[in-house]
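Chemist: Input: one structure, supplied below.
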Amino acid sequence: MTDIPEETGTRIGRRTVLMATGVTAATLAVGAAVVSESPTAEAAPDLAPAAAAAVCTLTKEMTEGPYYLDGQYVRADVTEGKAGAPLKLALTVVDDDTCAPLSNALVEIWHCDALGEYSGFVGNNGHSEADDGTFLRGGVLTDSSGLAGITTIYPGWYRGRCVHIHVKVHTGVTLTSDGSFTGGQELHTGQLFFSETVTTAMAKISPYSTNKVTRTTLTQDSIYDGGGAASGLLTLTALGSSASSGYAGTLTLGVEQ
C-alpha cells in the first residue's frame, strides 16, 4: 500500500505558548523535559496545574496533518480497548498574556495506535485491523483550573514520523446530543512529543514490538524542532516500575484568545 506522508513542515499561525508543568522555571527556560525513570506504582503523579510558576515561551503552531476528522466525541477516555501502555494526559490551557487558566476550553487529541494506524485510515501503515473511525480520538472541556485530563495509550509510530500526538484547543463549542461538539473557535493546533528514552523502552514491549516499521527518532523528525517543552515535549512520569505500566504526561498550553 502506498504510504501517505503526514506532515512536511510547520505552520506559523496564531501566537501560542507551551509550558511544561512539574519542572522548575530554570528548566523551562531552556525548554527541557523531565522524565521520571524509576518511580513506584504508589507514587502517583501530581497532575495539578502549575501555570503560576511557569515561564511563558512563545512558539509556532504545528501542522494539523491529513488524519484529522471532524465531529469526534467529547470524552475523557479515548482508548476504546486498544492495546498499549496506559497514558494519562494532564494538559492545562492558559492565556498566553496572563498565564491565567482557561476554563471550558475543549482540548482535542488524535493519534495512531501501537501499530501506527489512525482510525479512519487503517491500512496506511501496512496493518489490517478493525476501523470504526473513532478510536484514539476525542477531547474534554477544561475545568476551572484550565486542566483537561484524557486517558489514552502510548502512541506507536509510522513511516517518516516520530512518536507524537496531535492536539487542538477550541473555545465556545456547543456539545451535541450524540456526544460530539460543533462550532466554536479553534485557538491552537499543535503536537505533543515523547522522550526518546521512554519510547525506546516502550518499543521493546508488546504490542509495540510487533510494529516492524522503521522508527523515526525525535532528532530525525521533520516536525519536531528540538525546542523541548516549548515545542510540545511532554513531561513524563512513570506509573509503575516497567514501561508496560504506562506514563502520565503533563504540559501547559498557552493560547492567544
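Chain lettering (A, B, ...) mirrors the order of the C-alpha cells, residue numbering begins at 1 for each chain separately, and ligand numbering begins at 1 in order of display.
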Ala90 of chain A: which residues within 7 Å, counting only C-alpha atoms, same-chain residues fewer than 3 positions away excluded, as a ChimeraX atom specification?

Modeler: /A:47,147-150,249-251

Chemist: Restrict the selected residues to N, CA and C atoms and save them as a short mmCIF file (atom, residue, chain, number, x, y, z; two decimals), in the first residue's frame.

Modeler:
```
data_model
loop_
_atom_site.label_atom_id
_atom_site.label_comp_id
_atom_site.auth_asym_id
_atom_site.auth_seq_id
_atom_site.Cartn_x
_atom_site.Cartn_y
_atom_site.Cartn_z
N LEU A 47 -0.92 15.83 39.16
CA LEU A 47 -1.39 16.35 37.89
C LEU A 47 -2.00 17.74 38.02
N LEU A 147 -7.55 22.63 33.43
CA LEU A 147 -6.99 21.30 33.27
C LEU A 147 -7.91 20.37 32.49
N ALA A 148 -7.34 19.67 31.51
CA ALA A 148 -8.04 18.64 30.76
C ALA A 148 -7.32 17.31 30.99
N GLY A 149 -8.03 16.34 31.53
CA GLY A 149 -7.46 15.02 31.76
C GLY A 149 -8.00 14.02 30.76
N ILE A 150 -7.11 13.39 30.00
CA ILE A 150 -7.53 12.44 28.97
C ILE A 150 -6.75 11.14 29.13
N GLY A 249 1.53 12.09 31.34
CA GLY A 249 2.17 13.12 30.53
C GLY A 249 1.54 14.47 30.81
N THR A 250 2.35 15.45 31.18
CA THR A 250 1.82 16.77 31.51
C THR A 250 2.45 17.85 30.63
N LEU A 251 1.65 18.85 30.36
CA LEU A 251 2.12 20.02 29.61
C LEU A 251 1.10 21.13 29.79
#
```

Chemist: Using DSSP secondary structure from the backbone, list all strand (DSSP E or B) positions within segment 20-247 of chain A, as a ChimeraX atom specification.

Modeler: /A:35-36,58-59,74,77,86-95,101,106-110,137-141,147-153,158,161,164-171,174-175,181-182,185-193,233,235-238,247

Chemist: Might you pull out every residue within 9 Å of Phe181 of chain A, with only C-alpha atoms counted and same-chain residues fewer than 5 positions away left off, and present them as a PDB file with N, CA, C and O atoms, in the first residue's frame?

Modeler:
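Full text of out-v9.pdb as output:
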```
ATOM      1  N   GLY A  71     -15.931  16.230  14.199  1.00  0.00           N
ATOM      2  CA  GLY A  71     -17.067  15.645  14.891  1.00  0.00           C
ATOM      3  C   GLY A  71     -16.761  14.495  15.818  1.00  0.00           C
ATOM      4  O   GLY A  71     -17.589  13.594  15.999  1.00  0.00           O
ATOM      5  N   GLN A  72     -15.594  14.494  16.436  1.00  0.00           N
ATOM      6  CA  GLN A  72     -15.249  13.402  17.347  1.00  0.00           C
ATOM      7  C   GLN A  72     -15.914  13.596  18.714  1.00  0.00           C
ATOM      8  O   GLN A  72     -16.411  14.659  19.039  1.00  0.00           O
ATOM      9  N   TYR A  73     -15.890  12.534  19.517  1.00  0.00           N
ATOM     10  CA  TYR A  73     -16.602  12.521  20.792  1.00  0.00           C
ATOM     11  C   TYR A  73     -15.930  13.399  21.854  1.00  0.00           C
ATOM     12  O   TYR A  73     -14.708  13.516  21.894  1.00  0.00           O
ATOM     13  N   VAL A  74     -16.761  13.977  22.711  1.00  0.00           N
ATOM     14  CA  VAL A  74     -16.278  14.645  23.913  1.00  0.00           C
ATOM     15  C   VAL A  74     -16.289  13.581  25.006  1.00  0.00           C
ATOM     16  O   VAL A  74     -17.349  13.155  25.469  1.00  0.00           O
ATOM     17  N   VAL A 173     -17.399  25.994  22.063  1.00  0.00           N
ATOM     18  CA  VAL A 173     -18.055  24.906  21.346  1.00  0.00           C
ATOM     19  C   VAL A 173     -19.425  24.621  21.946  1.00  0.00           C
ATOM     20  O   VAL A 173     -19.706  24.950  23.107  1.00  0.00           O
ATOM     21  N   THR A 174     -20.278  23.992  21.159  1.00  0.00           N
ATOM     22  CA  THR A 174     -21.583  23.536  21.615  1.00  0.00           C
ATOM     23  C   THR A 174     -21.581  22.023  21.637  1.00  0.00           C
ATOM     24  O   THR A 174     -21.249  21.381  20.629  1.00  0.00           O
ATOM     25  N   LEU A 175     -21.903  21.432  22.784  1.00  0.00           N
ATOM     26  CA  LEU A 175     -21.972  19.976  22.886  1.00  0.00           C
ATOM     27  C   LEU A 175     -23.260  19.491  22.229  1.00  0.00           C
ATOM     28  O   LEU A 175     -24.325  20.101  22.384  1.00  0.00           O
ATOM     29  N   THR A 176     -23.182  18.390  21.501  1.00  0.00           N
ATOM     30  CA  THR A 176     -24.327  17.869  20.763  1.00  0.00           C
ATOM     31  C   THR A 176     -24.890  16.625  21.441  1.00  0.00           C
ATOM     32  O   THR A 176     -24.234  15.980  22.255  1.00  0.00           O
TER      33      THR A 176
END
```

Chemist: Nearest to Phe194 of chain A: which of A:Val213, A:Ala130, A:Ile165, A:Leu234 is it, counting only C-alpha atoms?

Modeler: A:Leu234

Chemist: Enumerate, as a PyMOL selection string, the complete set of residues in segment 55-248 of chain A that a backbone-based DSSP assignment places in helix (DSSP H, G or I).

Modeler: chain A and resi 196-202+208-210+228-231+243-245

Chemist: Only N, CA, C and O atoms, please: the residues just picked out, written as a short mmCIF file (atom, residue, chain, number, x, y, z; two decimals), in the first residue's frame.

Modeler:
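Output file again-v4.cif follows:
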```cif
data_model
loop_
_atom_site.label_atom_id
_atom_site.label_comp_id
_atom_site.auth_asym_id
_atom_site.auth_seq_id
_atom_site.Cartn_x
_atom_site.Cartn_y
_atom_site.Cartn_z
N GLU A 196 12.83 10.16 23.94
CA GLU A 196 13.39 9.01 23.22
C GLU A 196 13.74 7.87 24.17
O GLU A 196 13.63 6.70 23.82
N THR A 197 14.14 8.21 25.39
CA THR A 197 14.47 7.18 26.37
C THR A 197 13.25 6.31 26.66
O THR A 197 13.33 5.07 26.68
N VAL A 198 12.11 6.95 26.86
CA VAL A 198 10.88 6.21 27.15
C VAL A 198 10.40 5.45 25.92
O VAL A 198 10.01 4.28 26.00
N THR A 199 10.42 6.09 24.76
CA THR A 199 9.96 5.43 23.55
C THR A 199 10.81 4.21 23.22
O THR A 199 10.29 3.17 22.79
N THR A 200 12.11 4.29 23.42
CA THR A 200 13.00 3.15 23.17
C THR A 200 12.62 1.97 24.06
O THR A 200 12.59 0.81 23.60
N ALA A 201 12.31 2.25 25.32
CA ALA A 201 11.89 1.19 26.23
C ALA A 201 10.53 0.64 25.82
O ALA A 201 10.29 -0.58 25.86
N MET A 202 9.63 1.50 25.41
CA MET A 202 8.29 1.08 25.01
C MET A 202 8.34 0.18 23.77
O MET A 202 7.56 -0.77 23.64
N TYR A 208 3.93 -2.93 20.92
CA TYR A 208 4.79 -2.05 20.13
C TYR A 208 5.90 -2.82 19.43
O TYR A 208 6.30 -2.46 18.31
N SER A 209 6.37 -3.88 20.05
CA SER A 209 7.47 -4.67 19.47
C SER A 209 7.06 -5.37 18.18
O SER A 209 7.93 -5.80 17.41
N THR A 210 5.77 -5.48 17.93
CA THR A 210 5.31 -6.13 16.69
C THR A 210 5.23 -5.14 15.52
O THR A 210 4.97 -5.55 14.39
N GLY A 228 12.19 21.31 22.99
CA GLY A 228 11.77 20.80 24.30
C GLY A 228 10.32 21.11 24.59
O GLY A 228 9.46 21.01 23.72
N ALA A 229 10.04 21.48 25.84
CA ALA A 229 8.67 21.77 26.25
C ALA A 229 8.03 22.85 25.40
O ALA A 229 6.83 22.82 25.12
N ALA A 230 8.81 23.82 24.96
CA ALA A 230 8.29 24.90 24.13
C ALA A 230 7.82 24.40 22.78
O ALA A 230 7.09 25.10 22.08
N SER A 231 8.22 23.20 22.40
CA SER A 231 7.79 22.61 21.14
C SER A 231 6.86 21.41 21.35
O SER A 231 6.64 20.64 20.43
N ALA A 243 7.80 -0.28 31.69
CA ALA A 243 7.19 0.50 30.61
C ALA A 243 5.73 0.13 30.40
O ALA A 243 4.89 0.98 30.08
N SER A 244 5.39 -1.14 30.60
CA SER A 244 4.02 -1.59 30.37
C SER A 244 3.03 -0.97 31.35
O SER A 244 1.83 -0.97 31.09
N SER A 245 3.52 -0.45 32.48
CA SER A 245 2.63 0.22 33.44
C SER A 245 2.15 1.56 32.94
O SER A 245 1.15 2.10 33.43
#
```

Chemist: Within 8 Å of segment 96-111 of chain A, which residues of segment 160-242 of chain A show up? Give each one with its shortest atom-to-atom distance in Å (one decimal) and the two atoms involved, counting only C-alpha atoms, rows by chain then rising residue number, as CSV.

Modeler:
```
residue,atom,partner,partner_atom,distance
A:His164,CA,A:His111,CA,7.1
A:Ile165,CA,A:His111,CA,5.0
A:His166,CA,A:Trp110,CA,5.3
A:Val167,CA,A:Ile109,CA,4.5
A:Lys168,CA,A:Glu108,CA,5.1
A:Val169,CA,A:Val107,CA,4.7
A:His170,CA,A:Leu106,CA,5.0
A:Thr171,CA,A:Ala105,CA,4.7
A:Gly172,CA,A:Ala105,CA,7.2
A:Val173,CA,A:Leu106,CA,7.4
```

Chemist: Would you list the contacts of Leu87 of chain A as a PDB file with C-alpha atoms, in the first residue's frame, taking every protein, DNA or RNA residue within 7 Å and counting only C-alpha atoms, but skipping same-chain residues closer than 4 positions in sequence?

Modeler:
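Contents of out_6.pdb, freshly written:
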```pdb
ATOM      1  CA  THR A 151      -6.839   8.712  29.166  1.00  0.00           C
ATOM      2  CA  THR A 152      -5.329   7.053  26.106  1.00  0.00           C
ATOM      3  CA  ILE A 153      -2.430   4.729  25.252  1.00  0.00           C
ATOM      4  CA  TYR A 154       1.186   5.482  24.447  1.00  0.00           C
ATOM      5  CA  GLY A 246       2.439   3.375  31.370  1.00  0.00           C
ATOM      6  CA  TYR A 247       3.074   7.055  31.964  1.00  0.00           C
ATOM      7  CA  ALA A 248       1.454  10.296  32.957  1.00  0.00           C
ATOM      8  CA  GLY A 249       2.171  13.119  30.534  1.00  0.00           C
TER       9      GLY A 249
END
```

Chemist: Which one of A:Phe193, A:Tyr118, A:Trp157, A:Tyr224 sits closest to Arg137 of chain A if you count only C-alpha atoms?

Modeler: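 Distance minimum relative to Arg137 of chain A lands on A:Tyr118.
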
Chemist: One decimal, in Å: what's the spacing between atom CA of Glu186 of chain A and atom CA of Asp70 of chain A?

Modeler: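 Separation of atom CA of Glu186 of chain A and atom CA of Asp70 of chain A: 12.3 Å.
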
Chemist: Using only C-alpha atoms for the distances, tell me which of A:Lys204, A:Ser195, A:Asp221, A:Tyr158 is nearest to Gly123 of chain A.

Modeler: A:Tyr158

Chemist: Return the single residue from A:Lys88, A:Lys212, A:Cys162, A:Tyr67 that is closest to Gly133 of chain A, with distances computed using only C-alpha atoms.

Modeler: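 So, comparing all the options, the nearest one is A:Tyr67.
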
Chemist: Applying 12 Å and only C-alpha atoms, which residues near Ser128 of chain A remain after dropping the ones on its own chain fewer than 4 positions away? List them as JSON, numbers by chain.

Modeler: {"A": [1, 115, 116, 117, 118, 119, 121, 122, 123, 124]}

Chemist: Next, the residues of the selection above should be written as an mmCIF file, in the first residue's frame with all heavy atoms.

Modeler:
```
data_model
loop_
_atom_site.group_PDB
_atom_site.id
_atom_site.type_symbol
_atom_site.label_atom_id
_atom_site.label_comp_id
_atom_site.auth_asym_id
_atom_site.auth_seq_id
_atom_site.Cartn_x
_atom_site.Cartn_y
_atom_site.Cartn_z
ATOM 1 N N MET A 1 0.834 -1.189 0.000
ATOM 2 C CA MET A 1 0.000 0.000 0.000
ATOM 3 C C MET A 1 0.873 1.244 0.000
ATOM 4 O O MET A 1 1.883 1.303 0.656
ATOM 5 C CB MET A 1 -0.918 -0.001 1.228
ATOM 6 C CG MET A 1 -1.841 1.220 1.285
ATOM 7 S SD MET A 1 -3.141 1.049 2.520
ATOM 8 C CE MET A 1 -4.076 -0.275 1.766
ATOM 9 N N LEU A 115 0.403 0.098 16.425
ATOM 10 C CA LEU A 115 0.921 -0.362 15.136
ATOM 11 C C LEU A 115 1.026 0.763 14.116
ATOM 12 O O LEU A 115 1.324 0.523 12.944
ATOM 13 C CB LEU A 115 0.035 -1.493 14.589
ATOM 14 C CG LEU A 115 -0.037 -2.753 15.452
ATOM 15 C CD1 LEU A 115 -0.923 -3.806 14.779
ATOM 16 C CD2 LEU A 115 1.354 -3.316 15.708
ATOM 17 N N GLY A 116 0.781 1.992 14.558
ATOM 18 C CA GLY A 116 0.941 3.130 13.668
ATOM 19 C C GLY A 116 -0.261 3.436 12.798
ATOM 20 O O GLY A 116 -0.144 4.194 11.834
ATOM 21 N N GLU A 117 -1.438 2.890 13.151
ATOM 22 C CA GLU A 117 -2.635 3.098 12.348
ATOM 23 C C GLU A 117 -3.569 4.119 12.995
ATOM 24 O O GLU A 117 -3.826 4.070 14.203
ATOM 25 C CB GLU A 117 -3.387 1.776 12.161
ATOM 26 C CG GLU A 117 -2.580 0.668 11.496
ATOM 27 C CD GLU A 117 -2.295 0.919 10.022
ATOM 28 O OE1 GLU A 117 -2.872 1.878 9.450
ATOM 29 O OE2 GLU A 117 -1.498 0.159 9.436
ATOM 30 N N TYR A 118 -4.072 5.043 12.186
ATOM 31 C CA TYR A 118 -5.071 6.015 12.635
ATOM 32 C C TYR A 118 -6.469 5.488 12.343
ATOM 33 O O TYR A 118 -6.721 4.923 11.271
ATOM 34 C CB TYR A 118 -4.913 7.333 11.876
ATOM 35 C CG TYR A 118 -3.830 8.252 12.381
ATOM 36 C CD1 TYR A 118 -2.522 8.128 11.907
ATOM 37 C CD2 TYR A 118 -4.107 9.262 13.291
ATOM 38 C CE1 TYR A 118 -1.523 8.983 12.341
ATOM 39 C CE2 TYR A 118 -3.117 10.134 13.723
ATOM 40 C CZ TYR A 118 -1.832 9.983 13.252
ATOM 41 O OH TYR A 118 -0.845 10.837 13.679
ATOM 42 N N SER A 119 -7.402 5.707 13.268
ATOM 43 C CA SER A 119 -8.791 5.367 12.976
ATOM 44 C C SER A 119 -9.274 6.216 11.801
ATOM 45 O O SER A 119 -8.930 7.392 11.672
ATOM 46 C CB SER A 119 -9.674 5.604 14.201
ATOM 47 O OG SER A 119 -9.571 6.942 14.656
ATOM 48 N N PHE A 121 -8.317 5.609 8.846
ATOM 49 C CA PHE A 121 -7.285 5.480 7.814
ATOM 50 C C PHE A 121 -6.498 4.168 7.964
ATOM 51 O O PHE A 121 -5.353 4.082 7.529
ATOM 52 C CB PHE A 121 -6.310 6.653 7.875
ATOM 53 C CG PHE A 121 -6.954 8.001 7.714
ATOM 54 C CD1 PHE A 121 -7.445 8.691 8.826
ATOM 55 C CD2 PHE A 121 -7.100 8.581 6.464
ATOM 56 C CE1 PHE A 121 -8.044 9.939 8.696
ATOM 57 C CE2 PHE A 121 -7.694 9.823 6.314
ATOM 58 C CZ PHE A 121 -8.174 10.508 7.430
ATOM 59 N N VAL A 122 -7.100 3.185 8.615
ATOM 60 C CA VAL A 122 -6.387 1.935 8.885
ATOM 61 C C VAL A 122 -5.907 1.296 7.580
ATOM 62 O O VAL A 122 -6.639 1.224 6.596
ATOM 63 C CB VAL A 122 -7.290 0.958 9.670
ATOM 64 C CG1 VAL A 122 -6.680 -0.445 9.674
ATOM 65 C CG2 VAL A 122 -7.474 1.447 11.101
ATOM 66 N N GLY A 123 -4.673 0.835 7.616
ATOM 67 C CA GLY A 123 -4.040 0.234 6.445
ATOM 68 C C GLY A 123 -2.917 1.071 5.895
ATOM 69 O O GLY A 123 -2.045 0.571 5.180
ATOM 70 N N ASN A 124 -2.882 2.360 6.247
ATOM 71 C CA ASN A 124 -1.832 3.236 5.725
ATOM 72 C C ASN A 124 -0.453 2.870 6.241
ATOM 73 O O ASN A 124 0.560 3.243 5.638
ATOM 74 C CB ASN A 124 -2.131 4.696 6.075
ATOM 75 C CG ASN A 124 -3.192 5.299 5.178
ATOM 76 O OD1 ASN A 124 -3.595 4.697 4.195
ATOM 77 N ND2 ASN A 124 -3.654 6.489 5.516
#
```
